[in-house]
Amino acid sequence: MSRHGPAVLDAGQRHPVRFTLNGRTVSGEAEPRMLLHDFLRHVLGATGTHVGCEHGICGACTVQIDGAPARACLTLAVQADGAEIRTVEGLAPAADRLSVLQEAFRTHHGLQCGFCTPGILMTLDALLRERPDCGEAEVREALSGHLCRCTGYAPIVKAALAAAEALRETDHA
Amino acid sequence: MKPARFAYLRAATTEHALEALHQGGGEARVIAGGQSLVPMLTMRLARPALLVDIMHVAALSRTDDDGARITIGAAVRQRALETRDGLAQRQPLLAMALPWVGHMQTRSRGTVCGSIAHADPSAELPLVLVALGGQVHLLSRRRARRLAAEEFLTGMMVTARAEDELIEAVSVPAIRPGTGYAFREISRRHGDFAIAAFAAVADERGVRLAVGGVAAIPMARVLPTDQALGDALDAFAWDLDARDDLHASARYRRELVRRIGGDVALEALRDQQARAVKEAV
Ligand SMILES: Cc1cc2nc3c(=O)[nH]c(=O)nc-3n(C[C@@H](O)[C@H](O)[C@H](O)COP(=O)(O)OP(=O)(O)OC[C@H]3O[C@@H](n4cnc5c(N)ncnc54)[C@H](O)[C@@H]3O)c2cc1C
Ligand code: FES
Ligand code: FES
């Protein structure tokens, strides 16, 4: 800390970055210019998060930052210091078991090549948590932040609505 | 592409941020939500030497409602305002427009003040600021000043902000009795920038229609509500000096101003009447 507060992180030098990733504390070093998706993939080796356009349009890189879906490609790794990050690797409850949402994607063919899938899952996971009663209009609006070149979206919408229903049933049970 | 090198400072206080902007001059730049700035860094359209992150300054994270005005701090994210309890009762136009600002995945990070600072001609929040007659609160080590929305927005992505100035907050009048509001946006898909967007406020002075996405900055005009409306809309449409671009022709934009602009003005009048009925009971 300088007289005014924290110090400047110099350009071109690596600085420690630490945050919670899927419930575990992780750390690494990043230049200020390193984007969060590169930090996840190249420094931490968490390659579940995909990268497409690198300027916020396609949604492939979507992760959850402090509970809300957000673009990893529009976040600096140093901005994520101290945050709680969730990625697709954190969705399955066990190594041999998929989450309800993931299982619904499998049942309803919500993916083909799978490039867009990790980002879409992170958006829908947050949506179903925040709005358990959400209907088709809300699902479609949330999906407007993602591009999928394979499915034509209809099976993704179906999977999301099926997962919402299954989650509501387990909540009532 | 990847951003060029820059230094990064996580400001702890407003003074700390102002000092860094003062020292850095034109080479320092505020980073708020990063939803417009990071793409510009990645494409190397922006090459700052220092980024000053203001999102951890507690004093900038507040939204204050004193009954007459709603003041939104620089670190308030779009999503936080959108989900604020009672927003639709306190300022309906903000509640109507916020869901149109990008996607839920960008509103979770992007700030209200960052959108005003960025001053994109198609952006919804500068339009709402102009429609409501809002103010931009600027602060630097040298001075504090407040500018009306129309004084602040000077051109396409150009504003009256000096290099060392921080937008500390923006403020808008809260709902007033006897006032009606309406908002509509025309875009290819939800979440895309507007081809044209409209915000209208009806009160005892008449209907004020603001149009975004057509001129270089959002423009507002008070319109007559009798049979002169059609001619007034036509004159407004021409005066906005619409451009042709990839998304739509100038002629199409003028037609949107005439038709949708007129609809939105009348919708604000109907909203005013509906609210008057509710206020009377
Ligand atoms: C896919 C996508 C779609 C989008 N769609 C829309 C849309 O439909 N409508 C829309 O309006 N926007 C849209 N945006 C942009 C919107 O998301 C941004 O949030 C907003 O334009 C900027 O806010 P920010 O907080 O992210 O600012 P930043 O990106 O951090 O900063 C933007 C600029 O403002 C300056 N700045 C920020 N805060 C301050 C401050 N307090 N004082 C001084 N200067 C400041 C920065 O230096 C920078 O020059 C979209 C973005 C993406 C990626
Ligand atoms: S890679 Fe981030 S939105 Fe496309
Ligand atoms: S499954 Fe291939 S892009 Fe969506």
# chains A, B, ... in the order shown; residues from 1 in each chain; ligands from 1
call {"tool": "closest_atom_pairs", "arguments": {"of": "chain A", "to": "chain B", "cutoff": "6 Å", "atoms": "only C-alpha atoms", "output": "tab-separated table"}}
result
residue	atom	partner	partner_atom	distance
A:His4	CA	B:His16	CA	5.7
A:Gly5	CA	B:Ala12	CA	5.8
A:Val8	CA	B:Leu9	CA	4.7
A:Leu9	CA	B:Tyr8	CA	5.1
A:Asp10	CA	B:Ala7	CA	4.7
A:Ala11	CA	B:Ala7	CA	4.1
A:Gly12	CA	B:Arg5	CA	5.9
A:Pro32	CA	B:Tyr8	CA	5.9
A:Arg33	CA	B:Arg5	CA	5.9
A:His55	CA	B:Pro39	CA	4.9
A:Pro69	CA	B:Gln105	CA	5.2
A:Ala70	CA	B:Gln105	CA	4.6
A:Leu74	CA	B:Val38	CA	5.4
A:Gly145	CA	B:His103	CA	5.5
call {"tool": "closest_atom_pairs", "arguments": {"of": "chain A", "to": "ligand 1", "cutoff": "10 Å", "atoms": "only C-alpha atoms and all ligand atoms", "output": "JSON lines"}}
result
{"residue": "A:Glu54", "atom": "CA", "partner": "ligand 1", "partner_atom_place_in_ligand_line": "53 (C)", "distance": 9.7}
{"residue": "A:His55", "atom": "CA", "partner": "ligand 1", "partner_atom_place_in_ligand_line": "53 (C)", "distance": 6.4}
{"residue": "A:Gly56", "atom": "CA", "partner": "ligand 1", "partner_atom_place_in_ligand_line": "53 (C)", "distance": 4.2}
{"residue": "A:Ile57", "atom": "CA", "partner": "ligand 1", "partner_atom_place_in_ligand_line": "1 (C)", "distance": 4.2}
{"residue": "A:Cys58", "atom": "CA", "partner": "ligand 1", "partner_atom_place_in_ligand_line": "1 (C)", "distance": 7.5}
{"residue": "A:Gly59", "atom": "CA", "partner": "ligand 1", "partner_atom_place_in_ligand_line": "1 (C)", "distance": 8.2}
{"residue": "A:Ala70", "atom": "CA", "partner": "ligand 1", "partner_atom_place_in_ligand_line": "53 (C)", "distance": 9.9}
{"residue": "A:Arg71", "atom": "CA", "partner": "ligand 1", "partner_atom_place_in_ligand_line": "53 (C)", "distance": 8.2}
{"residue": "A:Cys73", "atom": "CA", "partner": "ligand 1", "partner_atom_place_in_ligand_line": "53 (C)", "distance": 9.4}
{"residue": "A:Leu74", "atom": "CA", "partner": "ligand 1", "partner_atom_place_in_ligand_line": "53 (C)", "distance": 7.4}
{"residue": "A:Thr75", "atom": "CA", "partner": "ligand 1", "partner_atom_place_in_ligand_line": "30 (O)", "distance": 9.8}
{"residue": "A:Ser144", "atom": "CA", "partner": "ligand 1", "partner_atom_place_in_ligand_line": "1 (C)", "distance": 9.8}
{"residue": "A:Gly145", "atom": "CA", "partner": "ligand 1", "partner_atom_place_in_ligand_line": "1 (C)", "distance": 7.1}
{"residue": "A:His146", "atom": "CA", "partner": "ligand 1", "partner_atom_place_in_ligand_line": "1 (C)", "distance": 9.2}
call {"tool": "write_last_selection", "arguments": {"atoms": "all heavy atoms", "output": "mmCIF file, in the first residue's frame"}}
result
data_model
loop_
_atom_site.group_PDB
_atom_site.id
_atom_site.type_symbol
_atom_site.label_atom_id
_atom_site.label_comp_id
_atom_site.auth_asym_id
_atom_site.auth_seq_id
_atom_site.Cartn_x
_atom_site.Cartn_y
_atom_site.Cartn_z
ATOM 1 N N GLU A 54 -13.698 -13.264 -28.744
ATOM 2 C CA GLU A 54 -12.850 -12.418 -27.901
ATOM 3 C C GLU A 54 -13.275 -10.956 -27.891
ATOM 4 O O GLU A 54 -12.475 -10.093 -27.583
ATOM 5 C CB GLU A 54 -11.371 -12.543 -28.305
ATOM 6 C CG GLU A 54 -10.575 -13.211 -27.210
ATOM 7 C CD GLU A 54 -9.088 -13.349 -27.522
ATOM 8 O OE1 GLU A 54 -8.647 -12.987 -28.627
ATOM 9 O OE2 GLU A 54 -8.382 -13.823 -26.626
ATOM 10 N N HIS A 55 -14.494 -10.632 -28.247
ATOM 11 C CA HIS A 55 -14.966 -9.280 -27.929
ATOM 12 C C HIS A 55 -16.421 -9.204 -27.486
ATOM 13 O O HIS A 55 -17.089 -8.221 -27.747
ATOM 14 C CB HIS A 55 -14.589 -8.221 -28.970
ATOM 15 C CG HIS A 55 -14.960 -8.548 -30.386
ATOM 16 N ND1 HIS A 55 -14.070 -9.069 -31.279
ATOM 17 C CD2 HIS A 55 -16.122 -8.413 -31.036
ATOM 18 C CE1 HIS A 55 -14.670 -9.244 -32.438
ATOM 19 N NE2 HIS A 55 -15.913 -8.849 -32.316
ATOM 20 N N GLY A 56 -16.867 -10.223 -26.803
ATOM 21 C CA GLY A 56 -18.126 -10.098 -26.068
ATOM 22 C C GLY A 56 -19.371 -10.520 -26.806
ATOM 23 O O GLY A 56 -20.462 -10.507 -26.246
ATOM 24 N N ILE A 57 -19.245 -10.900 -28.082
ATOM 25 C CA ILE A 57 -20.439 -11.133 -28.899
ATOM 26 C C ILE A 57 -20.965 -12.568 -28.777
ATOM 27 O O ILE A 57 -22.157 -12.784 -28.683
ATOM 28 C CB ILE A 57 -20.144 -10.863 -30.397
ATOM 29 C CG1 ILE A 57 -19.502 -9.481 -30.583
ATOM 30 C CG2 ILE A 57 -21.398 -11.000 -31.238
ATOM 31 C CD1 ILE A 57 -20.409 -8.320 -30.340
ATOM 32 N N CYS A 58 -20.078 -13.574 -28.813
ATOM 33 C CA CYS A 58 -20.540 -14.944 -29.070
ATOM 34 C C CYS A 58 -20.996 -15.688 -27.816
ATOM 35 O O CYS A 58 -21.767 -16.631 -27.905
ATOM 36 C CB CYS A 58 -19.454 -15.736 -29.782
ATOM 37 S SG CYS A 58 -18.074 -16.228 -28.711
ATOM 38 N N GLY A 59 -20.489 -15.311 -26.657
ATOM 39 C CA GLY A 59 -20.926 -15.951 -25.418
ATOM 40 C C GLY A 59 -20.198 -17.235 -25.054
ATOM 41 O O GLY A 59 -20.451 -17.803 -23.990
ATOM 42 N N ALA A 70 -21.175 -13.805 -16.893
ATOM 43 C CA ALA A 70 -20.420 -12.677 -17.439
ATOM 44 C C ALA A 70 -19.394 -13.206 -18.427
ATOM 45 O O ALA A 70 -19.020 -14.379 -18.389
ATOM 46 C CB ALA A 70 -19.723 -11.919 -16.306
ATOM 47 N N ARG A 71 -18.950 -12.332 -19.311
ATOM 48 C CA ARG A 71 -17.953 -12.706 -20.317
ATOM 49 C C ARG A 71 -16.557 -12.739 -19.702
ATOM 50 O O ARG A 71 -16.061 -11.691 -19.242
ATOM 51 C CB ARG A 71 -17.926 -11.666 -21.434
ATOM 52 C CG ARG A 71 -19.257 -11.354 -22.062
ATOM 53 C CD ARG A 71 -19.779 -12.520 -22.819
ATOM 54 N NE ARG A 71 -20.759 -12.095 -23.811
ATOM 55 C CZ ARG A 71 -21.904 -12.727 -24.019
ATOM 56 N NH1 ARG A 71 -22.226 -13.784 -23.298
ATOM 57 N NH2 ARG A 71 -22.726 -12.319 -24.961
ATOM 58 N N CYS A 73 -13.982 -12.995 -21.515
ATOM 59 C CA CYS A 73 -13.128 -12.256 -22.463
ATOM 60 C C CYS A 73 -13.249 -10.753 -22.297
ATOM 61 O O CYS A 73 -12.511 -10.009 -22.934
ATOM 62 C CB CYS A 73 -13.441 -12.657 -23.904
ATOM 63 S SG CYS A 73 -14.979 -11.960 -24.556
ATOM 64 N N LEU A 74 -14.207 -10.287 -21.479
ATOM 65 C CA LEU A 74 -14.329 -8.846 -21.233
ATOM 66 C C LEU A 74 -13.919 -8.517 -19.797
ATOM 67 O O LEU A 74 -14.296 -7.473 -19.262
ATOM 68 C CB LEU A 74 -15.762 -8.363 -21.492
ATOM 69 C CG LEU A 74 -16.294 -8.559 -22.914
ATOM 70 C CD1 LEU A 74 -17.667 -7.909 -23.064
ATOM 71 C CD2 LEU A 74 -15.331 -7.976 -23.944
ATOM 72 N N THR A 75 -13.171 -9.416 -19.183
ATOM 73 C CA THR A 75 -12.735 -9.219 -17.800
ATOM 74 C C THR A 75 -11.231 -9.458 -17.740
ATOM 75 O O THR A 75 -10.744 -10.458 -18.271
ATOM 76 C CB THR A 75 -13.451 -10.230 -16.875
ATOM 77 O OG1 THR A 75 -14.855 -10.139 -17.100
ATOM 78 C CG2 THR A 75 -13.156 -9.954 -15.407
ATOM 79 N N SER A 144 -30.167 -15.028 -25.976
ATOM 80 C CA SER A 144 -29.813 -14.020 -26.982
ATOM 81 C C SER A 144 -28.374 -13.555 -26.784
ATOM 82 O O SER A 144 -27.769 -12.989 -27.689
ATOM 83 C CB SER A 144 -30.786 -12.832 -26.933
ATOM 84 O OG SER A 144 -30.497 -11.993 -25.823
ATOM 85 N N GLY A 145 -27.796 -13.836 -25.625
ATOM 86 C CA GLY A 145 -26.394 -13.499 -25.390
ATOM 87 C C GLY A 145 -25.430 -14.594 -25.837
ATOM 88 O O GLY A 145 -24.263 -14.570 -25.460
ATOM 89 N N HIS A 146 -25.912 -15.555 -26.630
ATOM 90 C CA HIS A 146 -25.040 -16.665 -27.072
ATOM 91 C C HIS A 146 -25.284 -16.980 -28.541
ATOM 92 O O HIS A 146 -26.417 -16.905 -29.007
ATOM 93 C CB HIS A 146 -25.353 -17.931 -26.260
ATOM 94 C CG HIS A 146 -24.968 -17.815 -24.822
ATOM 95 N ND1 HIS A 146 -23.716 -18.118 -24.361
ATOM 96 C CD2 HIS A 146 -25.673 -17.386 -23.746
ATOM 97 C CE1 HIS A 146 -23.666 -17.895 -23.056
ATOM 98 N NE2 HIS A 146 -24.841 -17.443 -22.654
#
call {"tool": "residues_near_ligand", "arguments": {"ligand": "ligand 3", "cutoff": "8 Å", "atoms": "only C-alpha atoms and all ligand atoms", "output": "count of residues only"}}
result
13
call {"tool": "residues_around", "arguments": {"residues": "region 29-31 of chain A", "least_positions_apart": "5", "cutoff": "8 Å", "atoms": "only C-alpha atoms", "output": "mmCIF file with all heavy atoms, in the first residue's frame"}}
result
data_model
loop_
_atom_site.group_PDB
_atom_site.id
_atom_site.type_symbol
_atom_site.label_atom_id
_atom_site.label_comp_id
_atom_site.auth_asym_id
_atom_site.auth_seq_id
_atom_site.Cartn_x
_atom_site.Cartn_y
_atom_site.Cartn_z
ATOM 1 N N ALA A 11 2.892 -2.386 -15.908
ATOM 2 C CA ALA A 11 2.672 -3.014 -17.211
ATOM 3 C C ALA A 11 3.801 -3.996 -17.501
ATOM 4 O O ALA A 11 4.936 -3.795 -17.076
ATOM 5 C CB ALA A 11 2.616 -1.939 -18.291
ATOM 6 N N GLY A 12 3.487 -5.050 -18.211
ATOM 7 C CA GLY A 12 4.538 -5.950 -18.683
ATOM 8 C C GLY A 12 5.152 -6.814 -17.596
ATOM 9 O O GLY A 12 6.107 -7.543 -17.846
ATOM 10 N N GLN A 13 4.645 -6.710 -16.366
ATOM 11 C CA GLN A 13 5.143 -7.589 -15.298
ATOM 12 C C GLN A 13 4.014 -8.450 -14.793
ATOM 13 O O GLN A 13 2.854 -8.059 -14.848
ATOM 14 C CB GLN A 13 5.702 -6.743 -14.164
ATOM 15 C CG GLN A 13 6.978 -6.077 -14.586
ATOM 16 C CD GLN A 13 7.684 -5.440 -13.411
ATOM 17 O OE1 GLN A 13 7.404 -5.746 -12.262
ATOM 18 N NE2 GLN A 13 8.594 -4.552 -13.729
ATOM 19 N N ARG A 14 4.389 -9.606 -14.266
ATOM 20 C CA ARG A 14 3.349 -10.505 -13.768
ATOM 21 C C ARG A 14 3.095 -10.247 -12.285
ATOM 22 O O ARG A 14 4.034 -10.002 -11.529
ATOM 23 C CB ARG A 14 3.752 -11.943 -14.012
ATOM 24 C CG ARG A 14 3.657 -12.281 -15.505
ATOM 25 C CD ARG A 14 3.581 -13.760 -15.693
ATOM 26 N NE ARG A 14 4.846 -14.357 -15.327
ATOM 27 C CZ ARG A 14 5.544 -15.170 -16.111
ATOM 28 N NH1 ARG A 14 5.066 -15.470 -17.297
ATOM 29 N NH2 ARG A 14 6.677 -15.680 -15.722
ATOM 30 N N HIS A 15 1.817 -10.306 -11.945
ATOM 31 C CA HIS A 15 1.396 -10.028 -10.572
ATOM 32 C C HIS A 15 0.548 -11.192 -10.073
ATOM 33 O O HIS A 15 -0.152 -11.821 -10.865
ATOM 34 C CB HIS A 15 0.582 -8.735 -10.538
ATOM 35 C CG HIS A 15 1.298 -7.579 -11.170
ATOM 36 N ND1 HIS A 15 2.199 -6.803 -10.490
ATOM 37 C CD2 HIS A 15 1.285 -7.107 -12.450
ATOM 38 C CE1 HIS A 15 2.687 -5.888 -11.306
ATOM 39 N NE2 HIS A 15 2.160 -6.041 -12.503
ATOM 40 N N PRO A 16 0.593 -11.459 -8.774
ATOM 41 C CA PRO A 16 -0.221 -12.563 -8.252
ATOM 42 C C PRO A 16 -1.713 -12.269 -8.364
ATOM 43 O O PRO A 16 -2.143 -11.139 -8.110
ATOM 44 C CB PRO A 16 0.197 -12.665 -6.778
ATOM 45 C CG PRO A 16 0.959 -11.439 -6.465
ATOM 46 C CD PRO A 16 1.424 -10.822 -7.748
ATOM 47 N N VAL A 17 -2.470 -13.261 -8.780
ATOM 48 C CA VAL A 17 -3.932 -13.171 -8.853
ATOM 49 C C VAL A 17 -4.477 -14.398 -8.133
ATOM 50 O O VAL A 17 -4.010 -15.517 -8.362
ATOM 51 C CB VAL A 17 -4.423 -13.182 -10.324
ATOM 52 C CG1 VAL A 17 -5.945 -13.304 -10.383
ATOM 53 C CG2 VAL A 17 -3.962 -11.929 -11.055
ATOM 54 N N PHE A 39 -6.280 -16.599 -18.545
ATOM 55 C CA PHE A 39 -5.788 -16.983 -17.218
ATOM 56 C C PHE A 39 -6.355 -18.349 -16.821
ATOM 57 O O PHE A 39 -5.634 -19.228 -16.351
ATOM 58 C CB PHE A 39 -6.180 -15.899 -16.204
ATOM 59 C CG PHE A 39 -5.584 -16.099 -14.838
ATOM 60 C CD1 PHE A 39 -4.253 -15.797 -14.582
ATOM 61 C CD2 PHE A 39 -6.362 -16.576 -13.793
ATOM 62 C CE1 PHE A 39 -3.700 -15.977 -13.315
ATOM 63 C CE2 PHE A 39 -5.828 -16.758 -12.521
ATOM 64 C CZ PHE A 39 -4.495 -16.452 -12.287
ATOM 65 N N VAL A 43 -3.060 -20.386 -17.570
ATOM 66 C CA VAL A 43 -2.332 -20.362 -16.296
ATOM 67 C C VAL A 43 -2.866 -21.458 -15.373
ATOM 68 O O VAL A 43 -2.102 -22.204 -14.770
ATOM 69 C CB VAL A 43 -2.426 -18.969 -15.628
ATOM 70 C CG1 VAL A 43 -1.698 -18.974 -14.290
ATOM 71 C CG2 VAL A 43 -1.851 -17.894 -16.555
ATOM 72 N N ALA A 77 -7.872 -10.575 -15.840
ATOM 73 C CA ALA A 77 -7.599 -11.499 -14.735
ATOM 74 C C ALA A 77 -7.403 -10.715 -13.436
ATOM 75 O O ALA A 77 -7.895 -11.116 -12.380
ATOM 76 C CB ALA A 77 -6.366 -12.346 -15.049
ATOM 77 N N VAL A 78 -6.703 -9.576 -13.496
ATOM 78 C CA VAL A 78 -6.463 -8.811 -12.261
ATOM 79 C C VAL A 78 -7.760 -8.235 -11.684
ATOM 80 O O VAL A 78 -7.856 -8.008 -10.479
ATOM 81 C CB VAL A 78 -5.425 -7.669 -12.463
ATOM 82 C CG1 VAL A 78 -4.034 -8.246 -12.679
ATOM 83 C CG2 VAL A 78 -5.821 -6.742 -13.601
#
call {"tool": "residues_around", "arguments": {"residues": "Ala174 (chain B)", "least_positions_apart": "2", "cutoff": "7 Å", "atoms": "only C-alpha atoms", "output": "ChimeraX atom specification"}}
result
/B:67-70,90-91,172,176
call {"tool": "write_last_selection", "arguments": {"atoms": "C-alpha atoms", "output": "short mmCIF file (atom, residue, chain, number, x, y, z; two decimals), in the first residue's frame"}}
result
data_model
loop_
_atom_site.label_atom_id
_atom_site.label_comp_id
_atom_site.auth_asym_id
_atom_site.auth_seq_id
_atom_site.Cartn_x
_atom_site.Cartn_y
_atom_site.Cartn_z
CA GLY B 67 -37.56 11.59 -3.12
CA ALA B 68 -36.98 14.09 -5.91
CA ARG B 69 -33.85 12.70 -7.63
CA ILE B 70 -32.26 9.32 -8.10
CA ARG B 90 -39.56 5.33 -8.65
CA GLN B 91 -38.51 5.92 -12.27
CA VAL B 172 -32.39 11.76 -12.97
CA ARG B 176 -43.56 12.95 -10.56
#
call {"tool": "select_by_dssp", "arguments": {"residues": "region 106-162 of chain A", "states": "alpha helix (DSSP H)", "output": "PyMOL selection string"}}
result
chain A and resi 106-107+117-130+136-143+154-162
call {"tool": "write_last_selection", "arguments": {"atoms": "N, CA, C and O atoms", "output": "CSV table (one decimal), in the first residue's frame"}}
result
chain,number,residue,atom,x,y,z
A,106,ARG,N,-28.2,-33.5,-22.7
A,106,ARG,CA,-27.9,-34.8,-23.3
A,106,ARG,C,-29.2,-35.4,-23.8
A,106,ARG,O,-29.3,-35.8,-25.0
A,107,THR,N,-30.3,-35.4,-23.0
A,107,THR,CA,-31.5,-36.0,-23.4
A,107,THR,C,-32.1,-35.3,-24.6
A,107,THR,O,-32.7,-36.0,-25.5
A,117,THR,N,-21.4,-24.8,-25.8
A,117,THR,CA,-22.1,-25.4,-24.6
A,117,THR,C,-21.7,-24.9,-23.2
A,117,THR,O,-22.5,-24.5,-22.4
A,118,PRO,N,-20.4,-24.8,-23.0
A,118,PRO,CA,-20.0,-24.4,-21.6
A,118,PRO,C,-20.5,-23.0,-21.2
A,118,PRO,O,-21.0,-22.8,-20.1
A,119,GLY,N,-20.5,-22.1,-22.2
A,119,GLY,CA,-21.0,-20.7,-21.9
A,119,GLY,C,-22.5,-20.7,-21.7
A,119,GLY,O,-23.0,-20.1,-20.8
A,120,ILE,N,-23.2,-21.5,-22.6
A,120,ILE,CA,-24.7,-21.5,-22.4
A,120,ILE,C,-25.1,-22.2,-21.1
A,120,ILE,O,-26.0,-21.7,-20.4
A,121,LEU,N,-24.3,-23.2,-20.7
A,121,LEU,CA,-24.7,-23.9,-19.4
A,121,LEU,C,-24.5,-22.9,-18.3
A,121,LEU,O,-25.3,-22.9,-17.3
A,122,MET,N,-23.5,-22.1,-18.3
A,122,MET,CA,-23.2,-21.2,-17.2
A,122,MET,C,-24.3,-20.1,-17.1
A,122,MET,O,-24.7,-19.7,-16.0
A,123,THR,N,-24.8,-19.6,-18.3
A,123,THR,CA,-25.9,-18.7,-18.3
A,123,THR,C,-27.2,-19.3,-17.7
A,123,THR,O,-27.9,-18.8,-16.9
A,124,LEU,N,-27.5,-20.5,-18.3
A,124,LEU,CA,-28.8,-21.2,-17.9
A,124,LEU,C,-28.7,-21.6,-16.4
A,124,LEU,O,-29.7,-21.6,-15.7
A,125,ASP,N,-27.6,-22.1,-15.9
A,125,ASP,CA,-27.4,-22.5,-14.5
A,125,ASP,C,-27.8,-21.3,-13.6
A,125,ASP,O,-28.6,-21.4,-12.7
A,126,ALA,N,-27.3,-20.1,-14.0
A,126,ALA,CA,-27.6,-18.9,-13.2
A,126,ALA,C,-29.1,-18.5,-13.3
A,126,ALA,O,-29.8,-18.2,-12.3
A,127,LEU,N,-29.6,-18.6,-14.5
A,127,LEU,CA,-31.0,-18.3,-14.8
A,127,LEU,C,-31.9,-19.2,-14.0
A,127,LEU,O,-32.9,-18.7,-13.3
A,128,LEU,N,-31.7,-20.5,-14.0
A,128,LEU,CA,-32.6,-21.4,-13.3
A,128,LEU,C,-32.5,-21.3,-11.8
A,128,LEU,O,-33.5,-21.5,-11.1
A,129,ARG,N,-31.4,-20.8,-11.3
A,129,ARG,CA,-31.2,-20.6,-9.9
A,129,ARG,C,-32.0,-19.3,-9.5
A,129,ARG,O,-32.7,-19.3,-8.5
A,130,GLU,N,-31.9,-18.2,-10.3
A,130,GLU,CA,-32.5,-17.0,-10.0
A,130,GLU,C,-34.0,-17.0,-10.2
A,130,GLU,O,-34.7,-16.3,-9.5
A,136,GLU,N,-40.4,-19.9,-21.5
A,136,GLU,CA,-39.7,-19.9,-22.7
A,136,GLU,C,-39.2,-18.6,-23.1
A,136,GLU,O,-38.0,-18.4,-23.6
A,137,ALA,N,-40.0,-17.5,-22.8
A,137,ALA,CA,-39.5,-16.2,-23.2
A,137,ALA,C,-38.3,-15.8,-22.5
A,137,ALA,O,-37.3,-15.2,-23.1
A,138,GLU,N,-38.2,-16.1,-21.2
A,138,GLU,CA,-37.0,-15.7,-20.4
A,138,GLU,C,-35.8,-16.5,-20.9
A,138,GLU,O,-34.7,-16.0,-20.9
A,139,VAL,N,-36.0,-17.8,-21.2
A,139,VAL,CA,-34.9,-18.7,-21.6
A,139,VAL,C,-34.4,-18.1,-22.9
A,139,VAL,O,-33.2,-18.0,-23.1
A,140,ARG,N,-35.3,-17.8,-23.8
A,140,ARG,CA,-34.8,-17.2,-25.1
A,140,ARG,C,-34.1,-15.9,-25.0
A,140,ARG,O,-33.1,-15.6,-25.7
A,141,GLU,N,-34.6,-15.1,-24.1
A,141,GLU,CA,-33.9,-13.8,-23.9
A,141,GLU,C,-32.5,-14.0,-23.3
A,141,GLU,O,-31.5,-13.4,-23.8
A,142,ALA,N,-32.3,-15.0,-22.4
A,142,ALA,CA,-31.0,-15.2,-21.8
A,142,ALA,C,-30.1,-15.8,-22.9
A,142,ALA,O,-28.9,-15.5,-23.0
A,143,LEU,N,-30.7,-16.6,-23.8
A,143,LEU,CA,-29.9,-17.2,-24.9
A,143,LEU,C,-29.5,-16.2,-26.0
A,143,LEU,O,-28.6,-16.5,-26.8
A,154,ALA,N,-33.6,-24.5,-30.9
A,154,ALA,CA,-34.8,-25.1,-30.3
A,154,ALA,C,-34.5,-26.2,-29.3
A,154,ALA,O,-35.1,-26.3,-28.2
A,155,PRO,N,-33.5,-27.1,-29.6
A,155,PRO,CA,-33.2,-28.2,-28.6
A,155,PRO,C,-32.6,-27.6,-27.3
A,155,PRO,O,-32.8,-28.2,-26.2
A,156,ILE,N,-31.9,-26.5,-27.4
A,156,ILE,CA,-31.4,-25.9,-26.2
A,156,ILE,C,-32.5,-25.3,-25.3
A,156,ILE,O,-32.5,-25.5,-24.1
A,157,VAL,N,-33.5,-24.7,-26.0
A,157,VAL,CA,-34.6,-24.2,-25.2
A,157,VAL,C,-35.4,-25.3,-24.6
A,157,VAL,O,-35.7,-25.2,-23.4
A,158,LYS,N,-35.6,-26.4,-25.3
A,158,LYS,CA,-36.3,-27.6,-24.8
A,158,LYS,C,-35.5,-28.1,-23.6
A,158,LYS,O,-36.1,-28.4,-22.5
A,159,ALA,N,-34.2,-28.2,-23.7
A,159,ALA,CA,-33.4,-28.8,-22.6
A,159,ALA,C,-33.5,-27.9,-21.3
A,159,ALA,O,-33.7,-28.4,-20.2
A,160,ALA,N,-33.5,-26.6,-21.6
A,160,ALA,CA,-33.5,-25.6,-20.4
A,160,ALA,C,-34.9,-25.7,-19.7
A,160,ALA,O,-34.9,-25.8,-18.5
A,161,LEU,N,-36.0,-25.8,-20.5
A,161,LEU,CA,-37.3,-25.9,-19.9
A,161,LEU,C,-37.5,-27.2,-19.2
A,161,LEU,O,-38.1,-27.2,-18.1
A,162,ALA,N,-37.0,-28.3,-19.7
A,162,ALA,CA,-37.0,-29.6,-19.1
A,162,ALA,C,-36.3,-29.6,-17.8
A,162,ALA,O,-36.7,-30.1,-16.7
call {"tool": "closest_residue", "arguments": {"among": "B:Ala199, B:Leu127, B:Val112, B:Leu132", "to": "Arg62 (chain B)", "atoms": "only C-alpha atoms"}}
result
B:Val112
call {"tool": "atom_distance", "arguments": {"atom1": "CA of Val207 (chain B)", "atom2": "CA of Tyr181 (chain B)"}}
result
9.4 Å
call {"tool": "residues_around", "arguments": {"residues": "Asp133 (chain A)", "least_positions_apart": "5", "cutoff": "9 Å", "atoms": "only C-alpha atoms", "output": "PyMOL selection string"}}
result
chain A and resi 128+164-165+168
call {"tool": "select_by_dssp", "arguments": {"residues": "region 125-170 of chain B", "states": "strand (DSSP E)", "output": "PyMOL selection string"}}
result
chain B and resi 135-139+144-148+153-155+158-159+166-170
call {"tool": "closest_residue", "arguments": {"among": "A:Arg18, A:Asp38, A:Glu169, A:Leu44", "to": "ligand 2", "atoms": "only C-alpha atoms and all ligand atoms"}}
result
A:Asp38
call {"tool": "closest_residue", "arguments": {"among": "B:Ala182, B:Ala235, B:Thr225, B:Cys113", "to": "Leu125 (chain B)", "atoms": "only C-alpha atoms"}}
result
B:Cys113
call {"tool": "atom_distance", "arguments": {"atom1": "CA of Ala144 (chain B)", "atom2": "CA of Ala46 (chain B)"}}
result
26.6 Å
